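Asks: Sharing my_file_39.txt (compact mmCIF, C-alpha atoms) below.
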```
# COMPACT_ATOMS: atom_id res chain seq x y z
CA MET I 761 20.01 96.19 24.98
CA GLU I 762 23.15 94.28 25.88
CA ARG I 763 24.47 92.49 22.82
CA MET I 764 26.49 89.36 22.08
CA PRO I 765 30.08 90.30 21.19
CA THR I 766 29.75 89.47 17.50
CA ARG I 767 32.35 90.67 15.03
CA ALA I 768 31.59 93.59 12.75
CA VAL I 769 30.63 92.77 9.18
CA ARG I 770 30.39 95.53 6.59
CA ILE I 771 27.48 95.29 4.16
CA GLY I 772 27.78 98.25 1.83
CA ARG I 773 27.47 101.31 4.03
CA VAL I 774 25.83 99.32 6.83
CA GLN I 775 27.64 97.65 9.71
CA VAL I 776 26.12 94.49 11.14
CA GLY I 777 27.39 93.20 14.47
CA GLY I 778 30.28 94.61 16.43
CA GLY I 779 27.93 96.56 18.70
CA ALA I 780 26.15 98.38 15.86
CA PRO I 781 22.39 98.98 16.20
CA VAL I 782 20.17 96.09 15.13
CA VAL I 783 19.31 96.52 11.43
CA VAL I 784 15.78 95.93 10.13
CA GLN I 785 15.57 94.26 6.73
CA SER I 786 12.83 93.53 4.22
CA MET I 787 12.48 91.97 0.78
CA CYS I 788 10.92 93.23 -2.44
CA ALA I 789 7.72 91.50 -3.51
CA THR I 790 7.74 92.95 -7.03
CA LYS I 791 8.93 91.00 -10.04
CA THR I 792 12.65 91.70 -10.35
CA THR I 793 12.31 92.17 -14.11
CA ASP I 794 9.83 95.00 -13.49
CA ILE I 795 12.58 97.52 -12.90
CA ASP I 796 10.43 100.58 -12.18
CA ALA I 797 8.22 98.74 -9.68
CA THR I 798 11.20 97.16 -7.93
CA VAL I 799 13.08 100.45 -7.63
CA ALA I 800 9.94 102.04 -6.21
CA GLN I 801 9.58 99.26 -3.65
CA VAL I 802 13.26 99.45 -2.66
CA HIS I 803 12.68 103.12 -1.86
CA GLN I 804 9.34 102.36 -0.16
CA LEU I 805 11.05 99.91 2.21
CA ALA I 806 14.06 102.16 2.83
CA ALA I 807 11.79 105.12 3.59
CA ALA I 808 10.02 103.02 6.21
CA GLY I 809 13.35 102.33 7.91
CA ALA I 810 14.86 99.26 6.26
CA GLY I 811 18.64 99.33 6.45
CA ILE I 812 19.04 96.48 3.95
CA VAL I 813 16.65 95.49 1.15
CA ARG I 814 16.78 92.03 -0.42
CA ILE I 815 15.88 91.11 -3.99
CA ALA I 816 15.47 87.59 -5.41
CA VAL I 817 17.38 86.75 -8.59
CA ASP I 818 17.14 83.35 -10.28
CA ASN I 819 18.30 83.76 -13.87
CA PRO I 820 20.38 85.98 -16.22
CA LYS I 821 17.33 88.04 -17.23
CA GLU I 822 16.70 89.01 -13.61
CA ALA I 823 20.42 89.64 -13.11
CA ALA I 824 20.33 92.09 -16.04
CA ALA I 825 17.38 93.85 -14.43
CA LEU I 826 19.30 94.06 -11.17
CA LYS I 827 22.02 96.06 -12.93
CA GLU I 828 19.44 98.69 -13.88
CA ILE I 829 17.91 98.65 -10.41
CA ARG I 830 21.32 99.28 -8.87
CA ALA I 831 21.85 102.24 -11.18
CA GLN I 832 18.70 103.88 -9.81
CA THR I 833 19.23 103.49 -6.06
CA THR I 834 21.91 103.90 -3.41
CA VAL I 835 20.05 101.72 -0.86
CA THR I 836 22.08 98.83 0.57
CA LEU I 837 21.03 95.79 -1.44
CA SER I 838 21.21 92.08 -0.76
CA VAL I 839 20.35 89.40 -3.29
CA ASP I 840 18.80 85.98 -2.75
CA LEU I 841 20.26 83.37 -5.11
CA GLN I 842 17.35 80.95 -4.59
CA GLU I 843 18.48 77.59 -6.01
CA ASN I 844 20.87 78.89 -8.67
CA TYR I 845 24.18 79.71 -7.00
CA LYS I 846 25.95 79.83 -10.38
CA ILE I 847 24.57 83.28 -11.19
CA ALA I 848 26.53 84.82 -8.31
CA PRO I 849 29.09 86.53 -10.63
CA LEU I 850 26.24 88.14 -12.59
CA VAL I 851 24.73 89.82 -9.52
CA ALA I 852 27.79 90.47 -7.35
CA PRO I 853 28.81 93.75 -9.07
CA TYR I 854 25.45 95.31 -8.19
CA VAL I 855 24.79 94.28 -4.58
CA ASP I 856 26.36 94.53 -1.14
CA LYS I 857 25.58 91.02 0.08
CA ILE I 858 24.64 87.64 -1.38
CA ARG I 859 22.49 85.16 0.52
CA TYR I 860 22.77 81.48 -0.37
CA ASN I 861 21.00 78.47 1.12
CA PRO I 862 23.35 75.55 1.97
CA GLY I 863 20.43 73.19 1.41
CA HIS I 864 20.21 74.17 -2.26
CA LEU I 865 23.84 73.78 -3.29
CA HIS I 866 23.48 70.08 -4.14
CA HIS I 867 20.96 70.77 -6.93
CA ILE I 868 23.46 72.14 -9.46
CA GLU I 869 26.86 70.82 -10.65
CA LYS I 870 26.54 67.56 -8.77
CA SER I 871 30.06 66.54 -9.78
CA LYS I 872 31.49 69.30 -7.56
CA THR I 873 31.76 69.03 -3.78
CA ILE I 874 30.09 71.43 -1.36
CA PRO I 875 33.50 72.81 -0.24
CA GLN I 876 34.35 73.54 -3.89
CA LYS I 877 31.07 75.41 -4.38
CA VAL I 878 31.51 77.44 -1.19
CA ALA I 879 35.09 78.29 -2.17
CA TRP I 880 33.79 79.55 -5.51
CA LEU I 881 31.17 81.75 -3.80
CA VAL I 882 33.78 83.11 -1.41
CA GLN I 883 36.03 84.04 -4.32
CA VAL I 884 33.13 85.85 -6.02
CA ALA I 885 32.51 87.78 -2.79
CA ARG I 886 36.20 88.68 -2.50
CA ASP I 887 36.44 89.78 -6.12
CA HIS I 888 33.51 92.18 -5.70
CA ASP I 889 34.07 93.31 -2.09
CA ILE I 890 30.74 92.04 -0.80
CA ALA I 891 29.47 90.07 2.20
CA LEU I 892 27.74 86.68 2.29
CA ARG I 893 24.86 85.31 4.33
CA ILE I 894 24.65 81.62 5.13
CA GLY I 895 20.86 81.26 5.19
CA VAL I 896 19.70 77.89 6.54
CA ASN I 897 15.96 77.07 6.56
CA CYS I 898 14.14 74.25 8.34
CA GLY I 899 12.33 73.15 5.18
CA SER I 900 15.45 72.86 3.04
CA VAL I 901 18.24 71.52 5.24
CA ALA I 902 21.00 69.86 3.20
CA PRO I 903 20.18 66.15 2.67
CA ALA I 904 23.62 65.09 3.87
CA PHE I 905 22.93 66.57 7.32
CA LEU I 906 19.42 65.15 7.51
CA GLU I 907 20.94 61.74 6.82
CA LYS I 908 23.69 62.28 9.40
CA TYR I 909 21.20 63.28 12.12
CA PRO I 910 18.10 61.19 11.37
CA GLY I 911 15.07 62.23 13.35
CA ASP I 912 16.78 65.36 14.71
CA ALA I 913 16.08 68.17 12.26
CA MET I 914 17.20 70.80 14.77
CA GLU I 915 20.65 69.25 15.11
CA ALA I 916 20.91 68.92 11.32
CA LEU I 917 20.01 72.61 10.93
CA ILE I 918 22.62 73.76 13.45
CA GLN I 919 25.40 71.46 12.32
CA SER I 920 24.89 72.44 8.67
CA THR I 921 25.28 76.09 9.66
CA LEU I 922 28.40 75.46 11.73
CA TYR I 923 29.89 73.45 8.87
CA HIS I 924 29.47 76.30 6.39
CA CYS I 925 30.97 78.77 8.84
CA GLN I 926 34.00 76.53 9.13
CA LEU I 927 34.30 76.18 5.35
CA MET I 928 34.49 79.95 4.99
CA GLU I 929 36.95 80.42 7.81
CA ASP I 930 39.18 77.68 6.42
CA LEU I 931 39.36 79.89 3.33
CA GLY I 932 40.30 82.90 5.47
CA PHE I 933 36.94 84.61 4.85
CA ASP I 934 35.02 86.04 7.79
CA ARG I 935 32.81 88.65 6.15
CA PHE I 936 29.65 86.64 6.60
CA VAL I 937 26.50 86.52 8.69
CA VAL I 938 24.21 83.59 9.48
CA SER I 939 20.47 82.92 9.73
CA LEU I 940 18.73 79.84 11.12
CA LYS I 941 15.00 79.98 10.39
CA ASP I 942 11.89 77.96 11.08
CA SER I 943 8.16 78.63 10.89
CA ASP I 944 7.84 77.73 14.59
CA PRO I 945 8.93 80.65 16.82
CA ALA I 946 10.01 78.27 19.61
CA LYS I 947 12.35 76.46 17.21
CA VAL I 948 13.77 79.78 15.99
CA VAL I 949 14.60 80.67 19.59
CA ALA I 950 16.13 77.26 20.32
CA ALA I 951 18.22 77.11 17.14
CA ASN I 952 19.62 80.61 17.47
CA ARG I 953 20.41 80.19 21.16
CA ARG I 954 22.30 76.98 20.49
CA PHE I 955 24.20 78.48 17.58
CA ALA I 956 25.07 81.60 19.57
CA GLN I 957 26.46 79.45 22.37
CA ALA I 958 28.70 77.64 19.89
CA ARG I 959 29.66 80.72 17.85
CA PRO I 960 29.04 83.94 19.82
CA ASP I 961 31.31 85.80 17.38
CA VAL I 962 29.14 85.32 14.27
CA PRO I 963 26.48 87.99 13.55
CA LEU I 964 22.96 86.58 13.37
CA HIS I 965 20.03 87.59 11.18
CA LEU I 966 16.73 86.64 12.85
CA GLY I 967 13.61 85.60 11.01
CA VAL I 968 10.55 83.35 11.11
CA THR I 969 10.33 81.71 7.70
CA GLU I 970 6.59 81.80 7.09
CA ALA I 971 5.12 84.01 9.81
CA GLY I 972 2.06 84.59 7.62
CA LEU I 973 -0.71 87.15 7.68
CA PRO I 974 -0.88 89.95 10.24
CA PRO I 975 -1.62 90.17 13.09
CA ASP I 976 -0.65 86.53 13.72
CA GLY I 977 2.54 86.91 11.69
CA ILE I 978 3.64 89.82 13.86
CA ILE I 979 2.84 87.88 17.04
CA LYS I 980 4.89 84.89 15.83
CA SER I 981 7.80 87.19 15.03
CA ARG I 982 7.58 88.76 18.48
CA LEU I 983 7.54 85.36 20.14
CA ALA I 984 10.78 84.50 18.34
CA PHE I 985 12.59 87.84 18.46
CA GLU I 986 11.81 89.15 21.93
CA PRO I 987 13.57 86.44 24.00
CA LEU I 988 16.54 86.41 21.63
CA LEU I 989 17.00 90.18 21.45
CA ALA I 990 16.50 90.50 25.21
CA SER I 991 19.37 88.04 25.76
CA GLY I 992 21.64 89.90 23.34
CA ILE I 993 21.20 87.59 20.34
CA GLY I 994 20.48 89.09 16.93
CA ASP I 995 22.15 91.72 14.77
CA THR I 996 19.54 92.06 12.03
CA ILE I 997 15.87 91.11 11.88
CA ARG I 998 13.14 90.66 9.31
CA VAL I 999 9.43 90.32 9.99
CA SER I 1000 8.15 88.17 7.10
CA LEU I 1001 4.50 88.96 6.41
CA THR I 1002 2.09 87.90 3.68
CA LEU I 1003 1.01 91.30 2.35
CA PRO I 1004 0.01 92.97 -0.91
CA ASN I 1005 2.79 95.01 -2.50
CA GLU I 1006 1.45 98.40 -1.45
CA ARG I 1007 1.63 97.34 2.22
CA LYS I 1008 5.04 95.64 2.11
CA HIS I 1009 6.61 98.40 4.23
CA GLU I 1010 4.52 97.19 7.17
CA GLU I 1011 7.17 94.48 7.66
CA VAL I 1012 9.69 97.20 8.41
CA LEU I 1013 7.39 99.12 10.72
CA ALA I 1014 6.61 95.94 12.67
CA GLY I 1015 10.32 95.19 13.04
CA LEU I 1016 11.10 98.68 14.26
CA GLN I 1017 8.26 98.47 16.78
CA ILE I 1018 9.56 95.16 18.12
CA LEU I 1019 13.03 96.65 18.60
CA ALA I 1020 11.61 99.69 20.38
CA ASP I 1021 9.44 97.55 22.65
CA VAL I 1022 12.28 95.22 23.63
CA GLN I 1023 14.54 98.18 24.34
CA GLN I 1024 11.86 99.63 26.62
CA GLY I 1025 11.18 96.30 28.32
CA ARG I 1026 7.72 95.81 26.80
CA PHE I 1027 7.04 92.16 25.93
CA ILE I 1028 4.06 90.38 24.42
CA SER I 1029 1.97 88.06 26.58
CA VAL I 1030 -0.12 85.51 24.63
CA PRO I 1031 -0.13 82.31 26.70
CA ASP I 1032 -2.69 80.54 24.49
CA PHE I 1033 -1.18 81.50 21.13
CA GLY I 1034 -0.20 78.48 19.08
CA THR I 1035 -2.47 76.00 20.88
CA GLY I 1036 -5.11 75.90 18.12
CA LEU I 1037 -5.27 76.37 14.35
CA ASN I 1038 -1.95 77.56 12.96
CA ILE I 1039 -1.80 79.05 9.47
CA ILE I 1040 1.70 79.61 8.15
CA ALA I 1041 2.26 81.49 4.90
CA CYS I 1042 5.48 82.56 3.25
CA PRO I 1043 5.97 86.30 2.81
CA SER I 1044 4.93 87.87 -0.45
CA CYS I 1045 8.12 88.28 -2.48
CA SER I 1046 9.31 88.31 -6.07
CA ARG I 1047 9.47 84.49 -6.10
CA VAL I 1048 5.66 84.26 -5.89
CA GLU I 1049 4.50 82.73 -9.17
CA ASN I 1050 0.93 84.08 -9.12
CA GLU I 1051 -0.23 87.28 -7.46
CA LYS I 1052 -3.39 85.46 -6.37
CA PHE I 1053 -1.26 83.78 -3.70
CA VAL I 1054 -1.71 86.63 -1.19
CA GLU I 1055 -5.47 86.72 -1.76
CA LEU I 1056 -5.63 82.93 -1.43
CA ALA I 1057 -3.80 83.04 1.90
CA GLN I 1058 -6.34 85.57 3.17
CA GLU I 1059 -9.21 83.38 1.95
CA VAL I 1060 -7.74 80.30 3.64
CA LYS I 1061 -7.59 82.17 6.93
CA ALA I 1062 -11.24 83.25 6.62
CA LEU I 1063 -12.48 79.84 5.44
CA THR I 1064 -10.81 77.87 8.24
CA ALA I 1065 -11.74 80.17 11.13
CA TYR I 1066 -14.32 77.63 12.33
CA ALA I 1067 -11.46 75.21 13.12
CA ARG I 1068 -9.52 77.60 15.35
CA GLU I 1069 -9.88 75.38 18.43
CA HIS I 1070 -8.20 72.43 16.70
CA ARG I 1071 -4.43 72.00 16.81
CA ILE I 1072 -3.93 71.83 13.06
CA THR I 1073 -1.30 73.50 10.88
CA ILE I 1074 -2.14 74.68 7.37
CA ALA I 1075 0.70 75.98 5.18
CA VAL I 1076 0.20 78.28 2.19
CA MET I 1077 3.37 78.63 0.09
CA GLY I 1078 3.79 80.89 -2.92
CA CYS I 1079 6.59 79.38 -5.01
CA ARG I 1080 8.64 76.35 -5.98
CA VAL I 1081 11.46 77.33 -3.62
CA ASN I 1082 9.40 77.14 -0.42
CA GLY I 1083 6.47 75.09 -1.68
CA PRO I 1084 7.69 71.49 -1.96
CA GLY I 1085 9.74 71.18 1.22
CA GLU I 1086 8.12 73.60 3.63
CA THR I 1087 4.62 72.15 3.30
CA ASN I 1088 5.76 68.64 4.26
CA ASP I 1089 5.42 69.14 8.00
CA ALA I 1090 2.02 70.85 7.83
CA ASP I 1091 -1.15 68.84 8.34
CA LEU I 1092 -2.46 70.39 5.14
CA GLY I 1093 -0.38 72.31 2.62
CA LEU I 1094 -1.11 74.48 -0.40
CA TRP I 1095 1.82 74.97 -2.75
CA CYS I 1096 0.90 77.67 -5.27
CA GLY I 1097 2.18 77.50 -8.84
CA PRO I 1098 1.61 79.82 -11.80
CA THR I 1099 -1.86 78.43 -12.67
CA THR I 1100 -2.63 75.66 -10.17
CA VAL I 1101 -2.40 74.99 -6.45
CA ASN I 1102 -0.94 71.71 -5.22
CA LEU I 1103 -2.90 70.45 -2.21
CA LYS I 1104 -0.99 68.18 0.18
CA ARG I 1105 -1.57 66.27 3.38
CA LYS I 1106 1.83 66.17 5.07
CA SER I 1107 4.21 65.04 2.29
CA THR I 1108 1.48 63.29 0.26
CA LYS I 1109 0.05 65.18 -2.70
CA ILE I 1110 -3.75 65.06 -2.90
CA GLY I 1111 -3.99 66.78 -6.27
CA SER I 1112 -3.64 69.98 -8.28
CA PHE I 1113 -6.53 72.44 -8.42
CA SER I 1114 -7.21 75.83 -9.94
CA TYR I 1115 -7.10 78.87 -7.70
CA ASP I 1116 -10.90 79.06 -8.02
CA THR I 1117 -11.60 75.45 -6.98
CA VAL I 1118 -9.00 74.63 -4.34
CA LEU I 1119 -10.80 76.12 -1.32
CA PRO I 1120 -13.78 73.71 -1.28
CA ARG I 1121 -11.34 70.81 -1.61
CA LEU I 1122 -9.25 72.18 1.25
CA LYS I 1123 -12.37 72.37 3.43
CA GLU I 1124 -13.19 68.74 2.65
CA GLU I 1125 -9.72 67.65 3.77
CA LEU I 1126 -9.86 69.85 6.87
CA ASP I 1127 -13.26 68.41 7.88
CA ARG I 1128 -11.96 64.89 7.29
CA LEU I 1129 -8.89 65.57 9.43
CA ILE I 1130 -10.98 67.02 12.26
CA ALA I 1131 -13.33 64.02 12.15
CA GLU I 1132 -10.43 61.56 12.26
CA ARG I 1133 -8.91 63.26 15.28
CA THR I 1134 -12.26 63.51 17.03
CA ARG I 1135 -12.83 59.76 16.62
CA ALA I 1136 -9.32 59.02 17.89
```
For the file at hand, write its structure as C-alpha cells.

Replies:
Amino acid sequence: MERMPTRAVRIGRVQVGGGAPVVVQSMCATKTTDIDATVAQVHQLAAAGAGIVRIAVDNPKEAAALKEIRAQTTVTLSVDLQENYKIAPLVAPYVDKIRYNPGHLHHIEKSKTIPQKVAWLVQVARDHDIALRIGVNCGSVAPAFLEKYPGDAMEALIQSTLYHCQLMEDLGFDRFVVSLKDSDPAKVVAANRRFAQARPDVPLHLGVTEAGLPPDGIIKSRLAFEPLLASGIGDTIRVSLTLPNERKHEEVLAGLQILADVQQGRFISVPDFGTGLNIIACPSCSRVENEKFVELAQEVKALTAYAREHRITIAVMGCRVNGPGETNDADLGLWCGPTTVNLKRKSTKIGSFSYDTVLPRLKEELDRLIAERTRA
C-alpha cells in the first residue's frame, strides 16, 4: 500500500509512521487493578499480533497496579487517561505512550488554560521519553469548539485536533500521533481525509468509536478503514468490538485481516449496510462498570431484530466516559452504570432501570418510536 508521508514517531520499540508497517492495536478489557488478569490479557493481545496494547487508568490505585503490570511484560504499552489528565506523572514511567482526550481537559483545574494543561502533559512526556496521542472523539468534542462551530460537529472535531497539534509544535514537541473517531464509518472517513489534507505529516490512528458486536462491528470498521488505507491514510488501526474478555484478541485478528485484504485489493461490498437498524456499542474495556454490559448489548441486538428495516440507531454504552455524551445522538441510548442502566431518547433521560428490567422498557420506547415514524 502506498502511504502518506507521515513523520516517524517512536512508541517504545515500535515505530509509527515514516513508512513503517501499519500497527494493529487493542485495549485490555480487564480491570486494571486485577494485575494477573491484565498481564494475561496484554500477552493474549500481543500473541494475536497487537503491536501496541492500551490500558485505561483513572486513579492512583490503578496507576500503582500499572507499575506491577509493567514489571511483568515487555509489550509496548499505551495508557488512556480517561478524564483525569493529572495522573499522567504517575503512569508515565511505566508506559510508552499516553493518550488524552482534548474534550476532557476542561473538567479538571478549571483555573488553568488548555495551553497550560497541554504544556504540562508535554513536559511529562519529555521527562519520561514517551509519545502522546491526541485522541478526539465525536461524542466528547471540547465545548469551546462546539460553540465556535455551532451546528458543524465535523468542523469542530477537526479544528480541535489541529489546534492541539499546533499547541504541541509551538512547544517544540512532535512526538505525537492523532486520532479522529466517530461511530459512523462515513464520518470517520471524512474527518481523517480532511485532517490528512491539512496535516499529511502527522501519523494517524484509525478507529470507529463504538463499532459494536461482530459481525456488524467488523463491517463498520472495514467501511471506515478500507477507503482510508487504500488512499494511504492511517498508520495504526484498532477494531473496537464488544466482546467477552476471553475473545478480546478477535479485535486484533480482525484488524490484521483488514490490512491483508486491503493490501491484496480485496474490499467489502455491502451496499445496503447502514440503511436500517443500527446498534452501536462501545468496546468492552476496563472502563466498563458492570460486566453485564457485554451480555446486555447482545440481548439488545437479539431483542430489536424485528426492527431491522427501520432506520433507527440504538446506542449501548458501558461507562461514564462514553455513556453521557455518546448516547445523545442515538434515537435510543442505554448508558450502563454499576447497578443501573440509564435509558435515554436522544439527550433526554427516560429513567434508570436495573439490568434485569431495562429490556422491556427499551422495547416499549422502540415500539413507540416506530409508531410515531409510521404515522408521520

Asks: For Asp1091 of chain I, which of I:Ala1057, I:Leu1119, I:Ala885, I:Leu1129 is the closest residue, counting all atoms listed in the file?

Replies: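 Closest candidate: I:Leu1129.
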
Asks: Measuring atom to atom with only C-alpha atoms, identify which of I:Ile1072, I:Ala807, I:Thr1099, I:Cys1042 is nearest to Ile1130 of chain I.

Replies: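 Among the listed residues, the smallest separation from Ile1130 of chain I belongs to I:Ile1072.
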
Asks: Name all residues at most 12 Å from Arg1026 of chain I (count all atoms listed in the file; drop same-chain ones fewer than 2 positions away) and give them as a list in words.

Replies: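 Using all atoms listed in the file, the neighbours found are Arg982, Glu986, Pro987, Ala990, Gln1017, Ile1018, Leu1019, Ala1020, Asp1021, Val1022, Gln1023, Gln1024, Ile1028 and Ser1029 of chain I.
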
Asks: Between I:Asp889, I:Glu822, I:Asp794, I:Asp934, which residue has the minimum interatomic distance to Thr766 of chain I, considering all atoms listed in the file?

Replies: I:Asp934

Asks: What's the separation between atom CA of Ala902 of chain I and atom CA of Ile874 of chain I, in Å to one decimal place?

Replies: 10.3 Å

Asks: In terms of the shortest atom-to-atom distance over all atoms listed in the file, which of I:Ser786, I:Ser871, I:Gln926, I:Thr996 is closest to Ile771 of chain I?

Replies: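 When distances to Ile771 of chain I are compared using all atoms listed in the file, the smallest one comes from I:Thr996.
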